[in-house]
Each structure stands twice: as structure tokens, then as C-alpha cells.
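**Student:** Data file input.cif (mmCIF, C-alpha atoms and all ligand atoms) is appended below.
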data_work
loop_
_atom_site.label_atom_id
_atom_site.label_comp_id
_atom_site.auth_asym_id
_atom_site.auth_seq_id
_atom_site.Cartn_x
_atom_site.Cartn_y
_atom_site.Cartn_z
CA MET A 30 0.00 0.00 0.00
CA ILE A 31 1.34 3.45 -0.91
CA LEU A 32 1.59 5.75 2.13
CA VAL A 33 1.98 9.51 1.72
CA ASP A 34 2.57 12.38 4.11
CA LYS A 35 0.63 15.60 3.70
CA GLU A 36 3.40 17.31 1.75
CA LYS A 37 3.47 14.53 -0.82
CA MET A 38 -0.36 14.43 -1.02
CA ARG A 39 -0.52 18.18 -1.55
CA ALA A 40 2.21 17.93 -4.22
CA ILE A 41 0.23 15.21 -5.99
CA ASP A 42 -2.98 17.29 -5.76
CA SER A 43 -1.07 20.27 -7.14
CA TYR A 44 0.51 18.28 -9.98
CA ALA A 45 -2.90 16.91 -10.97
CA ILE A 46 -4.46 20.38 -10.98
CA ASN A 47 -1.65 22.58 -12.26
CA VAL A 48 0.28 20.26 -14.60
CA LEU A 49 -2.33 17.73 -15.71
CA LYS A 50 -5.12 20.36 -15.66
CA VAL A 51 -7.54 18.26 -13.66
CA PRO A 52 -10.13 20.79 -12.41
CA ALA A 53 -9.89 21.15 -8.61
CA LEU A 54 -13.68 21.41 -8.53
CA SER A 55 -13.88 17.93 -10.11
CA LEU A 56 -11.67 16.49 -7.39
CA VAL A 57 -13.79 18.14 -4.70
CA GLU A 58 -16.96 16.78 -6.32
CA ARG A 59 -15.50 13.28 -6.60
CA ALA A 60 -14.42 13.50 -2.94
CA SER A 61 -17.95 14.41 -1.88
CA LEU A 62 -19.45 11.50 -3.85
CA ALA A 63 -16.81 9.17 -2.41
CA VAL A 64 -18.16 10.02 1.04
CA LEU A 65 -21.81 9.90 -0.06
CA LYS A 66 -21.46 6.29 -1.20
CA HIS A 67 -20.68 5.31 2.39
CA ILE A 68 -23.88 6.86 3.76
CA ASN A 69 -26.98 4.64 3.98
CA LEU A 70 -29.61 7.16 2.89
CA ASN A 71 -32.38 4.82 4.05
CA LYS A 72 -30.95 4.97 7.56
CA PHE A 73 -29.70 8.57 7.82
CA GLY A 74 -31.82 11.56 6.89
CA TYR A 75 -30.74 14.48 9.08
CA PHE A 76 -27.16 15.71 8.70
CA ALA A 77 -24.84 18.24 10.31
CA ILE A 78 -21.95 19.16 8.03
CA VAL A 79 -19.20 21.00 9.93
CA VAL A 80 -16.77 22.77 7.61
CA GLY A 81 -13.57 24.79 7.73
CA VAL A 82 -12.95 27.29 4.93
CA GLY A 83 -10.37 25.27 2.97
CA ASN A 84 -10.87 22.48 0.47
CA ASN A 85 -11.68 19.96 3.18
CA GLY A 86 -14.61 22.28 3.86
CA ALA A 87 -15.31 22.45 0.13
CA ASP A 88 -15.61 18.65 0.12
CA GLY A 89 -18.09 18.98 2.98
CA LEU A 90 -20.18 21.63 1.19
CA ALA A 91 -20.23 19.57 -2.01
CA LEU A 92 -21.50 16.63 0.08
CA ALA A 93 -24.11 18.91 1.69
CA ARG A 94 -25.25 19.99 -1.78
CA ASN A 95 -25.58 16.38 -2.92
CA LEU A 96 -27.63 15.52 0.18
CA LEU A 97 -29.83 18.60 -0.29
CA ALA A 98 -30.33 17.55 -3.93
CA ARG A 99 -32.08 14.48 -2.50
CA TYR A 100 -34.22 16.57 -0.14
CA LYS A 101 -32.29 15.37 2.91
CA ASP A 102 -32.34 17.60 5.99
CA VAL A 103 -28.97 19.32 6.24
CA GLU A 104 -27.51 21.84 8.67
CA ILE A 105 -24.20 23.46 7.76
CA TYR A 106 -21.84 24.85 10.40
CA ILE A 107 -19.06 27.10 9.08
CA LEU A 108 -15.88 27.71 11.09
CA GLY A 109 -13.41 30.41 10.07
CA ASP A 110 -13.37 33.49 7.89
CA VAL A 111 -15.28 32.89 4.65
CA GLU A 112 -13.31 35.81 3.17
CA LYS A 113 -10.28 33.49 3.26
CA ALA A 114 -12.18 30.59 1.67
CA SER A 115 -10.97 28.69 -1.38
CA GLU A 116 -12.69 29.16 -4.74
CA GLU A 117 -14.07 25.63 -4.57
CA PHE A 118 -15.50 26.40 -1.11
CA ARG A 119 -17.14 29.61 -2.36
CA LEU A 120 -18.74 27.96 -5.39
CA ASN A 121 -20.21 25.16 -3.32
CA LEU A 122 -21.37 27.58 -0.62
CA GLU A 123 -23.27 29.63 -3.23
CA SER A 124 -25.26 26.57 -4.25
CA CYS A 125 -25.84 25.44 -0.65
CA GLN A 126 -27.23 28.93 0.07
CA MET A 127 -29.84 28.33 -2.66
CA LEU A 128 -30.78 24.91 -1.23
CA CYS A 129 -30.35 25.16 2.54
CA GLU A 130 -32.02 27.35 5.15
CA GLU A 131 -29.86 26.13 8.03
CA ILE A 132 -26.40 27.61 7.51
CA PHE A 133 -24.72 28.74 10.74
CA TYR A 134 -21.53 30.79 11.03
CA VAL A 135 -20.06 29.63 14.33
CA GLN A 136 -18.24 32.57 15.92
CA SER A 137 -19.51 33.24 19.43
CA ILE A 138 -20.24 31.39 22.65
CA GLU A 139 -23.94 31.67 21.85
CA ASP A 140 -23.31 30.10 18.42
CA LEU A 141 -21.48 27.21 20.11
CA GLU A 142 -24.33 26.71 22.58
CA GLU A 143 -26.87 26.70 19.73
CA MET A 144 -24.71 24.21 17.79
CA GLU A 145 -24.41 21.90 20.78
CA ARG A 146 -28.19 21.99 21.23
CA ARG A 147 -28.97 21.36 17.58
CA LEU A 148 -26.48 18.52 17.13
CA ASN A 149 -28.64 16.42 19.44
CA ASN A 150 -31.33 16.34 16.75
CA VAL A 151 -29.29 15.16 13.75
CA ASN A 152 -28.37 11.54 13.10
CA LEU A 153 -25.09 11.92 11.24
CA ILE A 154 -22.28 14.46 11.64
CA VAL A 155 -19.70 15.06 8.89
CA ASP A 156 -16.29 16.41 9.92
CA ALA A 157 -14.96 18.59 7.10
CA ILE A 158 -13.02 21.04 9.27
CA PHE A 159 -9.40 20.20 8.46
CA GLY A 160 -7.69 17.79 6.10
CA THR A 161 -4.10 17.86 4.89
CA GLY A 162 -3.98 21.60 5.48
CA LEU A 163 -3.88 21.30 9.27
CA ASN A 164 -0.55 22.90 10.12
CA ARG A 165 -0.72 23.88 13.79
CA PRO A 166 -2.47 22.85 17.01
CA VAL A 167 -6.24 23.15 17.04
CA THR A 168 -7.23 25.86 19.51
CA GLY A 169 -10.00 28.32 20.32
CA ILE A 170 -13.40 27.88 18.73
CA TYR A 171 -12.11 25.03 16.54
CA ALA A 172 -11.07 23.04 19.61
CA THR A 173 -14.42 23.72 21.28
CA VAL A 174 -16.29 22.50 18.19
CA VAL A 175 -14.22 19.28 18.04
CA SER A 176 -15.07 18.71 21.69
CA ILE A 177 -18.78 19.39 21.08
CA ILE A 178 -18.76 16.92 18.17
CA ASN A 179 -17.01 14.27 20.28
CA ASN A 180 -19.42 14.71 23.18
CA VAL A 181 -22.55 14.00 21.17
CA MET A 182 -23.42 10.36 20.55
CA LYS A 183 -24.05 10.47 16.81
CA TYR A 184 -22.57 8.58 13.86
CA LYS A 185 -19.61 10.61 12.56
CA ILE A 186 -17.73 10.56 9.29
CA SER A 187 -14.44 12.44 8.75
CA ILE A 188 -13.55 13.61 5.26
CA ASP A 189 -9.97 12.73 4.31
CA ILE A 190 -8.42 13.10 7.79
CA PRO A 191 -10.07 13.17 11.24
CA SER A 192 -9.76 16.86 12.11
CA GLY A 193 -7.01 17.44 14.67
CA LEU A 194 -4.79 14.61 13.42
CA ASP A 195 -1.52 15.46 11.68
CA ALA A 196 -1.75 13.57 8.38
CA SER A 197 2.05 13.11 8.22
CA THR A 198 3.10 12.24 11.77
CA GLY A 199 -0.09 10.82 13.26
CA GLN A 200 0.31 13.29 16.12
CA ASP A 201 -2.83 14.63 17.80
CA LEU A 202 -2.69 18.41 17.35
CA GLY A 203 -5.21 18.85 20.14
CA GLU A 204 -8.43 16.86 20.48
CA VAL A 205 -9.12 14.80 17.34
CA VAL A 206 -12.59 14.15 15.97
CA ASP A 207 -13.52 10.64 17.13
CA SER A 208 -15.23 9.57 13.92
CA ASP A 209 -16.76 6.17 13.18
CA LEU A 210 -15.53 6.25 9.60
CA ILE A 211 -12.70 8.09 7.85
CA VAL A 212 -12.92 8.40 4.06
CA THR A 213 -9.45 9.37 2.85
CA MET A 214 -8.88 10.54 -0.71
CA GLN A 215 -6.84 8.58 -3.29
CA LEU A 216 -3.94 7.44 -1.08
CA MET A 217 -3.54 6.28 2.53
CA LYS A 218 -2.02 8.99 4.71
CA LYS A 219 0.95 8.03 6.89
CA GLY A 220 -0.51 9.72 9.94
CA ILE A 221 -3.65 7.56 9.74
CA TYR A 222 -1.89 4.31 8.90
CA GLU A 223 0.50 4.60 11.84
CA ARG A 224 -2.33 4.93 14.38
CA GLU A 225 -4.29 1.68 14.61
CA ILE A 226 -7.30 3.46 16.13
CA TYR A 227 -7.63 5.50 12.92
CA LYS A 228 -6.32 2.93 10.41
CA LYS A 229 -8.98 0.36 11.32
CA LYS A 230 -11.86 2.76 10.48
CA CYS A 231 -10.36 4.30 7.34
CA VAL A 232 -11.35 3.56 3.75
CA ILE A 233 -9.48 4.87 0.69
CA GLU A 234 -11.47 6.26 -2.23
CA ASP A 235 -10.26 7.05 -5.75
CA ILE A 236 -11.23 10.63 -6.68
CA GLY A 237 -9.75 10.64 -10.19
CA ILE A 238 -6.22 11.85 -9.49
CA PRO A 239 -4.24 10.49 -12.48
CA GLN A 240 -1.67 7.77 -11.70
CA LYS A 241 0.73 9.94 -13.69
CA ALA A 242 0.51 12.62 -10.97
CA ILE A 243 1.27 10.04 -8.28
CA ASP A 244 4.16 8.47 -10.25
CA SER A 245 5.63 11.87 -11.13
CA VAL A 246 5.66 13.12 -7.55
CA LEU A 247 6.59 9.88 -5.78
CA TYR A 248 9.01 8.38 -8.32
CA GLY A 249 10.01 11.33 -10.48
CA LEU A 250 8.65 9.59 -13.56
CA VAL A 251 8.17 12.17 -16.27
CA ASP A 252 7.79 11.80 -20.06
N1 LIG A 301 -6.05 20.23 -3.01
C1 LIG A 301 -6.88 19.54 -3.80
O1 LIG A 301 -6.82 19.55 -4.99
C2 LIG A 301 -7.91 18.71 -3.19
C3 LIG A 301 -8.04 18.71 -1.82
N2 LIG A 301 -9.05 18.05 -1.27
C4 LIG A 301 -9.38 18.32 0.11
O2 LIG A 301 -8.75 19.50 0.54
C5 LIG A 301 -8.03 19.28 1.73
C6 LIG A 301 -6.86 20.22 1.80
O3 LIG A 301 -7.42 21.51 1.68
P1 LIG A 301 -6.66 22.82 2.17
O4 LIG A 301 -7.49 23.97 1.76
O5 LIG A 301 -5.24 22.76 1.71
O6 LIG A 301 -6.58 22.74 3.74
P2 LIG A 301 -7.65 22.25 4.80
O7 LIG A 301 -9.03 22.38 4.23
O8 LIG A 301 -7.18 20.95 5.32
O9 LIG A 301 -7.45 23.36 5.99
C7 LIG A 301 -8.12 24.57 5.88
C8 LIG A 301 -7.25 25.71 6.30
O10 LIG A 301 -7.22 25.75 7.71
C9 LIG A 301 -6.10 26.55 8.13
N3 LIG A 301 -5.57 25.90 9.32
C10 LIG A 301 -4.63 24.93 9.40
N4 LIG A 301 -4.42 24.56 10.68
C11 LIG A 301 -5.28 25.32 11.43
C12 LIG A 301 -5.57 25.42 12.82
N5 LIG A 301 -4.94 24.62 13.71
N6 LIG A 301 -6.49 26.31 13.26
C13 LIG A 301 -7.13 27.10 12.35
N7 LIG A 301 -6.94 27.06 11.00
C14 LIG A 301 -6.01 26.17 10.56
C15 LIG A 301 -5.13 26.57 6.99
O11 LIG A 301 -5.02 27.88 6.53
C16 LIG A 301 -5.79 25.67 5.93
O12 LIG A 301 -5.63 26.20 4.65
C17 LIG A 301 -7.70 17.83 1.69
O13 LIG A 301 -7.51 17.29 2.97
C18 LIG A 301 -8.93 17.23 1.03
O14 LIG A 301 -9.96 17.06 1.99
C19 LIG A 301 -10.02 17.34 -2.09
O15 LIG A 301 -10.52 16.23 -1.43
C20 LIG A 301 -9.42 16.84 -3.36
C21 LIG A 301 -8.73 17.91 -4.09
K K A 302 -11.72 16.30 8.18
#
Would you kindly transcribe this structure into C-alpha cells?

**Tutor:**
Amino acid sequence: MILVDKEKMRAIDSYAINVLKVPALSLVERASLAVLKHINLNKFGYFAIVVGVGNNGADGLALARNLLARYKDVEIYILGDVEKASEEFRLNLESCQMLCEEIFYVQSIEDLEEMERRLNNVNLIVDAIFGTGLNRPVTGIYATVVSIINNVMKYKISIDIPSGLDASTGQDLGEVVDSDLIVTMQLMKKGIYEREIYKKKCVIEDIGIPQKAIDSVLYGLVD
């Protein structure tokens, strides 16, 4: 099994997008559908999607859009400054705004209290806060939200990486989302594989990153 650290994964993503011209939006969409296929829509109907403002969050918003497309009940919780959001995040947020009434920008203590209250009513929580972009300890409102998510007994899915885990070292950068399932994109991350508690609940999904991107970055194979 190929194992990559976050630097290598980000280099592969970048090669696919910038050299092989794979649209980033396509990768985000494929990531969202890769998670959707692991959700039993006959069993789960009321979702909380918790997003950061990077592309992990974009994956989460694309998943929210696909659930809303099926008239599922979705609440979206946004952490961070949307002004700093990625293009793929912004495009998916625009569509979610047309489909979803329940979009919450979590910034204050009152917002956190409301979130904690509302999470008791959903039956599946999606963690799309941080992926391979996590680059420092999780603190402040992010840490509080991870704790809120971990304290509510609901089925949880983490997109790509359980938020709080360093995808390269496997180090907990603060409290880590204690998800029931981790759907990691394209390649197994070293930080997951080296921690049995995460490895045993992680599935790998192909999101259409060309093998040529992987071979070029990992083995230097170029035409
Ligand atoms: N890159 C691609 O083509 C694809 C990526 N996918 C998904 O995107 C994430 C990586 O996205 P990125 O925007 O680089 O970073 P994150 O979304 O993981 O992080 C968001 C943002 O958060 C900031 N940040 C980092 N650490 C902290 C912290 N401790 N506290 C607060 N904020 C923090 C930092 O600025 C980051 O930029 C990848 O995991 C995939 O889920 C697609 O799946 C496929 C295409
Ligand atoms: K995540």
C-alpha cells in the first residue's frame, strides 16, 4: 500500500491540478461522492456538516449539496473566515445557500451553545473542518467544536483526515474528531496508517487523481 505524508499528497494534488489540468472542482466533487457512497440514505436523513474554509470544507459543502439535492435535511456549520475561503469552497457555498435554510456561522459562545443543542437532533455528523492543510495545534473555537462533536453520541464521518490529526506524523494536534468512519482521498495517509485506532476505520477512495501525478511526484517519472 502506498503511504503519503501531507506534503506529498498536496504535491500530488497540485501536480494533478496545475500540470495535468484536472479541475480542482472535479476532485472536490468526486471527494464528496466518495463520502456519499458510504452513507446509507435509508438509515440517515438528518445531517450536520461542519466545515472549515479550505478544500476539506469544500468537500463537505459539495456533500451537503448532494444531500440537499435528495431533499435530505442538512444543517451546515461554518468555522473560520469565509473571506479566506478557497474558490471551490465559495462555489459550493453559493449553491448550498440556494438549497439550505440552516447555515450557521459559528463565531460566538452563543453560536457554540446553539450548535451543541442542535447537534442532538441530527443523526449523522460530517467532519470537514481540516484535512491535509492542518498545520498547527487546534485551539480556540475550533477546539471547542471538536469537543462538542465528540461529546454528542451520533454517527460521525471524517472527510480525508479526522480533524485534529496530523496527516504526516499521526500526532494529535489537540483533540481529534472521534469519527466512526474516515474516508481518505486517493492514497492512505501516513498519519492515519500509523495509528491503529484511525487505520482500522479508514477507507481509501479514488477521486480521479491520475496515476501519472502520483508516479511523477513519488518516483520522479516524467515523459
Ligand atoms: N487540493 C486539492 O486539490 C484537493 C483537496 N481536497 C481536500 O482539501 C483538503 C486540503 O485543503 P486545504 O485547503 O489545503 O486545507 P484544509 O481544508 O485541510 O485546511 C483549511 C485551512 O485551515 C487553516 N488551518 C490549518 N491549521 C489550522 C488550525 N490549527 N487552526 C485554524 N486554522 C487552521 C489553513 O489555513 C488551511 O488552509 C484535503 O484534505 C482534502 O480534503 C479534495 O478532497 C481533493 C482535491
Ligand atoms: K476532516

**Student:** Counting all atoms listed in the file, which residues in chain A sit no more than 8 Å from ligand K 302 (chain A)? For each one, give the nearest pair of atoms and the distance in Å, sorted by chain then residue number, as a Markdown table.

**Tutor:**
| residue | atom | partner | partner_atom | distance |
| --- | --- | --- | --- | --- |
| A:Asn85 | CA | A:K302 | K | 6.2 |
| A:Gly86 | CA | A:K302 | K | 7.9 |
| A:Asp156 | CA | A:K302 | K | 4.9 |
| A:Ala157 | CA | A:K302 | K | 4.1 |
| A:Ile158 | CA | A:K302 | K | 5.0 |
| A:Phe159 | CA | A:K302 | K | 4.5 |
| A:Gly160 | CA | A:K302 | K | 4.8 |
| A:Ser187 | CA | A:K302 | K | 4.8 |
| A:Ile188 | CA | A:K302 | K | 4.4 |
| A:Asp189 | CA | A:K302 | K | 5.5 |
| A:Ile190 | CA | A:K302 | K | 4.6 |
| A:Pro191 | CA | A:K302 | K | 4.7 |
| A:Ser192 | CA | A:K302 | K | 4.4 |

**Student:** Keeping C-alpha atoms for every residue in the selection just given, could you write it to a file as a compact mmCIF listing (two decimals), keeping the file's coordinate frame?

**Tutor:**
# COMPACT_ATOMS: atom_id res chain seq x y z
CA ASN A 85 -11.68 19.96 3.18
CA GLY A 86 -14.61 22.28 3.86
CA ASP A 156 -16.29 16.41 9.92
CA ALA A 157 -14.96 18.59 7.10
CA ILE A 158 -13.02 21.04 9.27
CA PHE A 159 -9.40 20.20 8.46
CA GLY A 160 -7.69 17.79 6.10
CA SER A 187 -14.44 12.44 8.75
CA ILE A 188 -13.55 13.61 5.26
CA ASP A 189 -9.97 12.73 4.31
CA ILE A 190 -8.42 13.10 7.79
CA PRO A 191 -10.07 13.17 11.24
CA SER A 192 -9.76 16.86 12.11

**Student:** At a cut-off of 8 Å, can you tabulate as CSV every residue of chain A near ligand LIG 301 (chain A) together with its closest atom pair and the distance in Å to one decimal, using all atoms listed in the file and ordering rows by chain then number?

**Tutor:**
residue,atom,partner,partner_atom,distance
A:Arg39,CA,A:LIG301,N1,6.1
A:Asp42,CA,A:LIG301,O1,4.5
A:Ser43,CA,A:LIG301,O1,6.2
A:Ala45,CA,A:LIG301,O1,7.6
A:Ile46,CA,A:LIG301,O1,6.5
A:Ala53,CA,A:LIG301,O1,5.0
A:Leu54,CA,A:LIG301,C21,7.5
A:Ser55,CA,A:LIG301,C21,7.9
A:Leu56,CA,A:LIG301,C20,4.6
A:Val57,CA,A:LIG301,C19,4.7
A:Arg59,CA,A:LIG301,C20,7.8
A:Ala60,CA,A:LIG301,O15,5.0
A:Ser61,CA,A:LIG301,O15,7.7
A:Gly81,CA,A:LIG301,C7,5.8
A:Val82,CA,A:LIG301,C7,5.6
A:Gly83,CA,A:LIG301,O4,3.4
A:Asn84,CA,A:LIG301,O2,3.7
A:Asn85,CA,A:LIG301,O14,3.6
A:Gly86,CA,A:LIG301,O7,5.6
A:Ala87,CA,A:LIG301,O2,7.2
A:Asp88,CA,A:LIG301,O15,5.8
A:Gly109,CA,A:LIG301,N7,7.3
A:Ser115,CA,A:LIG301,O4,6.7
A:Ala157,CA,A:LIG301,O14,7.3
A:Ile158,CA,A:LIG301,O7,6.6
A:Phe159,CA,A:LIG301,O8,3.9
A:Gly160,CA,A:LIG301,O13,3.2
A:Thr161,CA,A:LIG301,O13,4.0
A:Gly162,CA,A:LIG301,O8,3.3
A:Leu163,CA,A:LIG301,N4,3.6
A:Asn164,CA,A:LIG301,N4,4.2
A:Arg165,CA,A:LIG301,N5,4.3
A:Pro166,CA,A:LIG301,N5,4.5
A:Val167,CA,A:LIG301,N5,3.9
A:Thr168,CA,A:LIG301,N6,6.3
A:Tyr171,CA,A:LIG301,N6,6.6
A:Ile188,CA,A:LIG301,O14,6.0
A:Asp189,CA,A:LIG301,O14,4.9
A:Ile190,CA,A:LIG301,O13,6.5
A:Gly193,CA,A:LIG301,N5,7.5
A:Leu202,CA,A:LIG301,N5,7.5
A:Thr213,CA,A:LIG301,O14,7.8
A:Met214,CA,A:LIG301,O15,6.0
A:Ile236,CA,A:LIG301,C20,7.3

**Student:** Using all atoms listed in the file for the distances, tell me which of A:Phe73, A:Lys219, A:Gln126, A:Ile243 is nearest to Ala91 (chain A).

**Tutor:**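 Between A:Phe73, A:Lys219, A:Gln126, A:Ile243, the residue approaching Ala91 (chain A) most closely is A:Gln126.
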
**Student:** Which residue gives the smallest distance to Gly199 (chain A) among A:Ile105, A:Met182, A:Leu247, A:Glu225, with all atoms listed in the file counted?

**Tutor:**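 Under the stated criterion, the closest residue is A:Glu225.
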
**Student:** Dump as JSON, numbers by chain all residues having an atom at most 10 Å from (0.9, 12.5, -0.7), computed in the file's coordinates with all atoms listed in the file.

**Tutor:** {"A": [31, 32, 33, 34, 35, 36, 37, 38, 39, 40, 41, 42, 161, 196, 197, 214, 215, 216, 217, 218, 219, 243, 246, 247]}

**Student:** Counting only C-alpha atoms, which of A:Val79, A:Ala93, A:Met30, A:Leu120 gets nearest to Val135 (chain A)?

**Tutor:**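 Looking only at the distances to Val135 (chain A), the closest residue turns out to be A:Val79.
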
**Student:** Which residue out of A:Leu92, A:Lys183, A:Asp195, A:Tyr75 has the minimum interatomic distance to Glu131 (chain A) when all atoms listed in the file are used?

**Tutor:**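 Distance minimum relative to Glu131 (chain A) lands on A:Tyr75.
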
**Student:** Closest to Asp102 (chain A) among A:Leu128, A:Leu250, A:Val232, A:Val181, using only C-alpha atoms?

**Tutor:**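 Among the listed residues, the smallest separation from Asp102 (chain A) belongs to A:Leu128.
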
**Student:** I'd like the neighbourhood of Asn95 (chain A) as a ChimeraX atom specification, where a residue qualifies if any of its atoms comes within 9 Å (using only C-alpha atoms), though same-chain residues fewer than 5 positions away should be ignored.

**Tutor:** /A:61-62,65,90,101

**Student:** Go ahead and compute the interatomic distance for CA of Tyr106 (chain A) and CA of Ile132 (chain A), in Å to one decimal.

**Tutor:**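 Between CA of Tyr106 (chain A) and CA of Ile132 (chain A) the gap is 6.1 Å.
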
**Student:** Between A:Arg224, A:Lys241, A:Lys72, A:Lys230, which residue has the minimum interatomic distance to Ile211 (chain A), considering all atoms listed in the file?

**Tutor:**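 Closest residue, counting all atoms listed in the file: A:Lys230.
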
**Student:** Interatomic distance between CA of Arg99 (chain A) and CA of Ile154 (chain A)?

**Tutor:**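 Distance reported for this atom pair: 17.2 Å.
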
**Student:** Please report the interatomic distance between CA of Asn121 (chain A) and CA of Val212 (chain A) in Å with one decimal.

**Tutor:**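 Here the two named atoms are 19.7 Å from each other.
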
**Student:** For Ile226 (chain A), work out the shell of residues within 12 Å, counting all atoms listed in the file and skipping chain neighbours fewer than 5 positions away, then give it as a PyMOL selection string.

**Tutor:** chain A and resi 191+194+199+205-211+220-221+231
